[in-house]
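Peer 1: Handing you this structure, nothing more for now.
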Amino acid sequence: TAKRRADYLPPAFSIPLVDLTISLHPTKTVVKSKLSVKRRLTKDSVKDTEKNDGNKSQPLILDGNKLSLVSVHINGTPFSDYTLDDETLTLNVDTDDFELEIENHIDPENNKALEGLYLSGGAYCTQCEAEGFRRITFFPDRPDVLSVYTVKVIGDKSFPMLLSNGNPIERGENPDGTHFVTWHDPHPKPCYLFALVAGDFDLLTDTYITTSGKEVALELYVDKGKKSQGTFALASLKRAMKWDEDVFGLEYDLDIYMIVAVDFFNMGAMENKGLNVFNSKFVLADQDSATDDDFFNVEAVIAHEYFHNWTGNRVTCRDWFQLSLKEGLTVFRDQQFSADMTSPLSNRIKHVRVMREHQFAEDASAMSHPIRPEEVIEMNNFYTVTVYDKGAEVIRMFHTLLGPEGFRKGMDEYFRRHDGQAVTCDDFVSAMQSTTELDLTQFSRWYSQSGTPQVSLAHNVTSNETGYVHTFTVTQNTPSTADQSEKLPLYIPVGFEVIDEDGNRYRDDSGMIQNDLLIVDAPEITITITCDAKKLTPVLLGNFSAPVKVHNELDTASLLTIFAHSQDAFNRWDAMQTLYNRCISELYENPTATIDSGIWAGIHAAIDSEIDNIELLSECLVIPSFETLCQSRSNISVQPLIDARKAFCRQFSTQLEAVLLNAFNGIATQAYSYQQDAVNARRCKNVLLSHLARLPQHKDLVISQFDKADNMTDTLGALKAAQSLPADAFESLMAKFEEKWRHDPLVLDKWFALHATQPREDILATITMLSEHPQFSMGNPNRVRSLIGSFAFYNSERFHNLGGEGYKFVTDYLIKLDALNPQVAARIVTPLIQWQGFAEPHQALMKAQLGRLLNHKGLSKDVFEKVSKSLAYD
Ligand code: ARG
Ligand code: ZN
């Protein structure tokens with residue numbers, strides 16, 4: 001049964017104080033909860049349709065899932081006037097202000113869903129967002145009930161570290177040999193921010209002094225023996241703390257900030273107040289075992305969770321439909337931070353790839369939803385690229401429209417109004433509105449309208465006595481989506497630059513383009529430019545100014561003009577991507593076509609011109625992925641498109657061999673450091689290597705890089721390039737790699753993923769064999785994602801092309817996985833539900849497997865929601 005945003009009612013009771021005593025035991029953990037409960041004597045929490053007596057007689061309804069209830073007391077007396085079902089405990093209380101004590105048992109060892117309290121990898125830990133707290137104790141598990149928590153954690157001494165939110169206020173030993181620590185968190189918080197961790201870890205410590213002089217103890221807990229792999233994360237945390245003070249004036253607000261890295265985790269990380277829990281993949285990093293991308297991600301995720309302390313914790317969400325309030329905003333903040341720490345251009349390109357490869361695909365599927373969803377069956381399914389990444393693009397548009405200072409003013413006002421509250425996306429917009437002249441009414445449709453808008457440009461030229469008159473007609477149109485058929489015009493800031501062949505820039509006659517931005521707020525906008533130039537090139541969507549698709553028919557010469565002359569580096573990169581995409585289309589339509597030699601000459605010249613600008617160069621040398629190519633096509637025949645892409649890549653290598661090799665040799669190898677120049681050099685070298693590896697004569701370059709590499713970036717670069725070498729060469733490198741890294745699960749994940757993305761015909765046998773590898777376990781989400789997830793998401797050639805065997809293999813696996821961990825299963829079902837882009841027989845074969853899934857008895861809500869929507873969408 002779905003919940004709807006429109007049905008929100010405020011809670012009938014508030015719970016100002018929560019006092020928990022948790023005695024840890026693998027299969028029978030005892031949870032004693034003491035709550036101060038106050039009836040909210042207002043009418044707002046009662047539906048009008050019901051007899052409304054101002055909430056004087058509503059029962060107290062608590063969520064609870066997979067809990068064994070032991071006892072209930074009210075004001076110290078046993079209480080039995082309640083009903084209990086699988087999801088709720090309903091207490092028929094008639095008092096307005098009372099103390100409620102509940103005792104229940106839970107079984108952390110057998111909790112394989114990794115939601116609530118679970119024991120894995122030798123440690124206890126929790127994951128409560130979105131609705132996991134109800135698996136720990138009975139509680140109104142909703143983000144608008146804020147409480148001050150005191151938590152006593154009792155555990156065996158083999159778990160020396162007993163952690164929870166806030167500050168430790170007492171510790172000691174019990175007569176039975178156990179010990180305890182009591183924690184107090186003075187900041188009222190929703191229960192999804194509760195956390196508990198117990199285990200034996202290595203501890204890294206540091207301190208941070210805030211601008212106003214407060215000293216904060218920083219503690220990072222990692223698996224024994226991994227201490228040296230935690231230093232980068234800790235340094236990243238300090239950079240994030242400083243950045244948030246400098247850019248947003250936001251300081252940390254407790255005496256201690258703890259981060260724990262665990263191996264079993266459904267997501268990336270979690271911002272629990274004062275006690276973040278992280279997937280170890282986003283904490284551990286060193287030169288030998290982590291790539292430059294891994295370092296980048298560690299810093300970005302550390303920052304993301306830290307930034308949540310203000311955007312998420314101090315100001316939280318009223319209900320889960322508002323998730324983008326904290327996630328879109330926090331992703332935007334972490335993106336800005338990463339851009340400041342590394343480089344704006346490569347960051348922007350990264351975001352755009354995520355949008356084009358994943359978010360546009362989501363919008364085109366049955367899971368299409370606005371960044372503020374209207375209807376949800378399983379909340380965990382809505383931690384999506386739409387809520388997060390499109391959400392961040394919407395925040396970025398505020399930033400673009402208001403400017404950095406205007407945006408900061410709006411943020412200050414948002415915190416001034418809402419610190420300590422649980423609020424809505426509308427509250428955010430209205431805080432922003434109060435600080436700007438701009439009318440944000442139409443803009444705010446971005447919160448309610450789903451789908452990927454298409455912005456199209458038509459360009460006409462006439463001449464008169466004053467010169468040439470160029471008319472540019474810009475139209476917007478949002479195709480209907482699975483969830484919403486009617487679409488309204490949006491307020492779209494479209495980057496707009498007009499240049500001639502020599503790169504001269506032109507202004508429009510009536511000055512509608514301001515700061516290279518045209519506001520497209522109607523279905524159609526027309527501008528004119530009167531000048532002496534007969535040929536002008538319009539360049540749209542500078543810096544990806546809005547999350548839209550652009551149709552702008554440009555010839556090859558214009559694309560090369562943009563590359564040569566646009567002032568916007570993103571546009572320059574994008575022009576090359578368009579050019580490649582165009583060439584691949586030619587080969588898709590006619591496999592025997594040859595690419596015009598003028599194009600190769602143009603690309604050659606482009607490479608030559610940027611030989612000293614290796615950051616842009618490397619990005620420009622990346623051919624659009626199969627997933628990106630899918631987003632500008634419909635009714636896709638998979639193998640012909642893959643073949644067209646391969647043919648283009650092969651010609652790219654052959655035609656440009658000399659210049660690629662020259663560039664490759666021109667990049668000096670330097671000692672490893674995670675510094676931007678060094679990162680750019682490695683990146684460029686590895687992209688070049690992947691092109692050269694297609695030519696048999698350069699096989700040795702790959703092998704020699706693998707043998708000589710003193711860092712994981714180059715090792716992995718060589719292995720990826722080796723995917724296009726003959727199978728035996730690839731296999732032998734992979735064997736050496738496994739030999740060396742067999743005991744490091746995070747590195748082995750890379751090895752699993754490399755295997756799973758090999759387009760070999762017997763890939764299913766390989767995956768089956770790997771799933772029996774001693775290091776593989778279905779219970780560990782990182783392993784499952786690296787092997788099964790990589791196959792389904794990134795081995796398109798084999799996933800789609802084994803006469804349906806790939807779909808069936810993934811489905812069989814998902815049926816088993818779903819019984820254990822529905823959240824992870826529901827993630828991996830994504831490629832299967834995105835059947836709508838493909839031609840037959842793919843659609844029918846995919847739907848047949850979805851049908852099998854849907855018929856499976858005991859399917860989780862998570863998988864059910866996605867599969868049933870997908871099958872209903874036609
Ligand atoms: N709030 C976390 C983050 O953005 C993600 C938690 C998601 N949890 C979930 N069960 N879906 O960093
Ligand atoms: Zn987040």
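Just remember, in the structure tokens the first chain shown is A, the second B, etc., residues are 1-based per chain, and ligands are 1-based in the order shown.
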Which chains and residue numbers are within 10 Å of ligand 2, counting only C-alpha atoms and all ligand atoms, if I want them as a VMD selection string?

Peer 2: chain A and resid 268 to 271 301 303 to 308 311 to 312 323 to 324 326 to 331 334 383 388

Peer 1: Got time to write the residues from that selection, C-alpha atoms, as a JSON list (two decimals), in the first residue's frame?

Peer 2:
```json
[["chain", "number", "residue", "atom", "x", "y", "z"],
["A", 268, "GLY", "CA", 27.55, 4.72, 1.09],
["A", 269, "ALA", "CA", 27.33, 6.21, 4.55],
["A", 270, "MET", "CA", 24.99, 7.64, 7.15],
["A", 271, "GLU", "CA", 24.99, 11.01, 8.88],
["A", 301, "VAL", "CA", 31.35, 11.18, 1.05],
["A", 303, "ALA", "CA", 32.16, 15.83, 3.34],
["A", 304, "HIS", "CA", 28.61, 14.88, 2.37],
["A", 305, "GLU", "CA", 27.90, 13.27, 5.74],
["A", 306, "TYR", "CA", 29.58, 16.10, 7.59],
["A", 307, "PHE", "CA", 27.53, 18.71, 5.71],
["A", 308, "HIS", "CA", 24.38, 16.87, 6.71],
["A", 311, "THR", "CA", 21.46, 20.36, 6.09],
["A", 312, "GLY", "CA", 19.67, 17.30, 7.41],
["A", 323, "LEU", "CA", 13.99, 13.86, 1.24],
["A", 324, "SER", "CA", 15.50, 16.09, -1.42],
["A", 326, "LYS", "CA", 18.36, 17.47, 2.75],
["A", 327, "GLU", "CA", 19.82, 15.23, 0.02],
["A", 328, "GLY", "CA", 19.67, 17.50, -3.01],
["A", 329, "LEU", "CA", 21.03, 20.34, -0.93],
["A", 330, "THR", "CA", 23.77, 18.26, 0.67],
["A", 331, "VAL", "CA", 24.84, 16.75, -2.65],
["A", 334, "ASP", "CA", 29.51, 18.28, -1.44],
["A", 383, "TYR", "CA", 17.08, 7.27, -2.35],
["A", 388, "TYR", "CA", 19.84, 13.19, -4.94]]
```

Peer 1: Pull the strand (DSSP E) assignments for region 440-663 of chain A out of DSSP run on the backbone, and list those residues as number ranges by chain.

Peer 2: A: 454-464, 467-477, 492-499, 517-520, 524-531, 537-540, 549-552

Peer 1: Given the choices A:Asp508, A:Glu627, A:Asp516, A:Glu731, which gets closest to Thr400 (chain A) if the distance is worked out from only C-alpha atoms?

Peer 2: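 Of A:Asp508, A:Glu627, A:Asp516, A:Glu731, the one nearest Thr400 (chain A) is A:Asp516, counting only C-alpha atoms.
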
Peer 1: Might you pull out every residue within 12 Å of Ala644 (chain A), with only C-alpha atoms counted and same-chain residues fewer than 4 positions away left off, and present them as a list in words?

Peer 2: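 The residues satisfying every condition are Tyr580, Asn581, Arg582, Cys583, Ile584, Ser585, Glu586, Leu587, Tyr588, Glu589, Asn590, Pro591, Thr592, Ala593, Thr594, Ile595, Ile623, Pro624, Ser625, Phe626, Leu629, Ser637, Val638, Gln639, Pro640, Phe648, Cys649, Arg650 and Gln651 of chain A.
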
Peer 1: Could those selected residues go to a file with C-alpha atoms, as a PDB file, in the first residue's frame?

Peer 2:
```pdb
ATOM      1  CA  TYR A 580      31.355  11.183 -31.267  1.00  0.00           C
ATOM      2  CA  ASN A 581      27.713  10.405 -30.678  1.00  0.00           C
ATOM      3  CA  ARG A 582      26.966  11.556 -34.230  1.00  0.00           C
ATOM      4  CA  CYS A 583      29.672   9.336 -35.702  1.00  0.00           C
ATOM      5  CA  ILE A 584      28.387   6.350 -33.746  1.00  0.00           C
ATOM      6  CA  SER A 585      24.911   7.021 -35.131  1.00  0.00           C
ATOM      7  CA  GLU A 586      26.273   6.869 -38.648  1.00  0.00           C
ATOM      8  CA  LEU A 587      27.822   3.493 -37.964  1.00  0.00           C
ATOM      9  CA  TYR A 588      24.681   2.315 -36.208  1.00  0.00           C
ATOM     10  CA  GLU A 589      22.571   3.113 -39.243  1.00  0.00           C
ATOM     11  CA  ASN A 590      25.123   1.810 -41.691  1.00  0.00           C
ATOM     12  CA  PRO A 591      27.720  -0.567 -40.228  1.00  0.00           C
ATOM     13  CA  THR A 592      29.904  -0.357 -43.329  1.00  0.00           C
ATOM     14  CA  ALA A 593      30.058   3.446 -43.314  1.00  0.00           C
ATOM     15  CA  THR A 594      33.409   5.111 -42.970  1.00  0.00           C
ATOM     16  CA  ILE A 595      33.832   8.203 -40.875  1.00  0.00           C
ATOM     17  CA  ILE A 623      33.937   8.031 -25.867  1.00  0.00           C
ATOM     18  CA  PRO A 624      30.311   8.244 -24.595  1.00  0.00           C
ATOM     19  CA  SER A 625      29.322   5.096 -22.752  1.00  0.00           C
ATOM     20  CA  PHE A 626      26.685   2.706 -24.055  1.00  0.00           C
ATOM     21  CA  LEU A 629      24.218   6.626 -26.026  1.00  0.00           C
ATOM     22  CA  SER A 637      18.825  -2.685 -31.005  1.00  0.00           C
ATOM     23  CA  VAL A 638      21.460  -3.517 -28.455  1.00  0.00           C
ATOM     24  CA  GLN A 639      24.071  -5.428 -30.414  1.00  0.00           C
ATOM     25  CA  PRO A 640      24.097  -3.085 -33.425  1.00  0.00           C
ATOM     26  CA  PHE A 648      34.019   3.827 -33.776  1.00  0.00           C
ATOM     27  CA  CYS A 649      36.453   3.103 -30.959  1.00  0.00           C
ATOM     28  CA  ARG A 650      38.505   0.861 -33.221  1.00  0.00           C
ATOM     29  CA  GLN A 651      38.686   3.522 -35.929  1.00  0.00           C
TER      30      GLN A 651
END
```

Peer 1: Which neighbours of Gln567 (chain A) fall inside 9 Å, counting only C-alpha atoms, when residues of the same chain fewer than 3 positions from it are skipped, and could you give them as an mmCIF file with N, CA and C atoms, in the first residue's frame?

Peer 2:
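Printed below is result29.cif as written:
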```cif
data_model
loop_
_atom_site.group_PDB
_atom_site.id
_atom_site.type_symbol
_atom_site.label_atom_id
_atom_site.label_comp_id
_atom_site.auth_asym_id
_atom_site.auth_seq_id
_atom_site.Cartn_x
_atom_site.Cartn_y
_atom_site.Cartn_z
ATOM 1 N N GLU A 497 25.407 31.030 -25.574
ATOM 2 C CA GLU A 497 26.555 31.770 -26.069
ATOM 3 C C GLU A 497 26.433 31.744 -27.589
ATOM 4 N N GLY A 503 35.397 32.808 -33.308
ATOM 5 C CA GLY A 503 35.251 32.867 -31.853
ATOM 6 C C GLY A 503 34.763 34.220 -31.345
ATOM 7 N N GLY A 542 25.637 26.003 -21.294
ATOM 8 C CA GLY A 542 26.965 26.141 -20.687
ATOM 9 C C GLY A 542 26.974 25.660 -19.243
ATOM 10 N N ILE A 562 32.876 25.220 -31.739
ATOM 11 C CA ILE A 562 32.596 25.321 -30.303
ATOM 12 C C ILE A 562 33.793 24.820 -29.504
ATOM 13 N N PHE A 570 32.956 23.267 -20.241
ATOM 14 C CA PHE A 570 31.977 22.188 -20.329
ATOM 15 C C PHE A 570 31.433 22.071 -21.753
ATOM 16 N N ASN A 571 31.123 23.213 -22.364
ATOM 17 C CA ASN A 571 30.613 23.192 -23.738
ATOM 18 C C ASN A 571 31.620 22.612 -24.714
ATOM 19 N N ARG A 572 32.865 22.892 -24.467
ATOM 20 C CA ARG A 572 33.905 22.381 -25.361
ATOM 21 C C ARG A 572 33.912 20.847 -25.286
#
```

Peer 1: My list of candidates is A:Ala217, A:Leu196, A:Leu345, A:Val550. Which is closest to Thr578 (chain A) when distances are computed with only C-alpha atoms?

Peer 2: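 So, comparing all the options, the nearest one is A:Val550.
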
Peer 1: Name all residues at most 9 Å from Asn313 (chain A) (count only C-alpha atoms; drop same-chain ones fewer than 4 positions away) and give them as a count of residues only.

Peer 2: 11
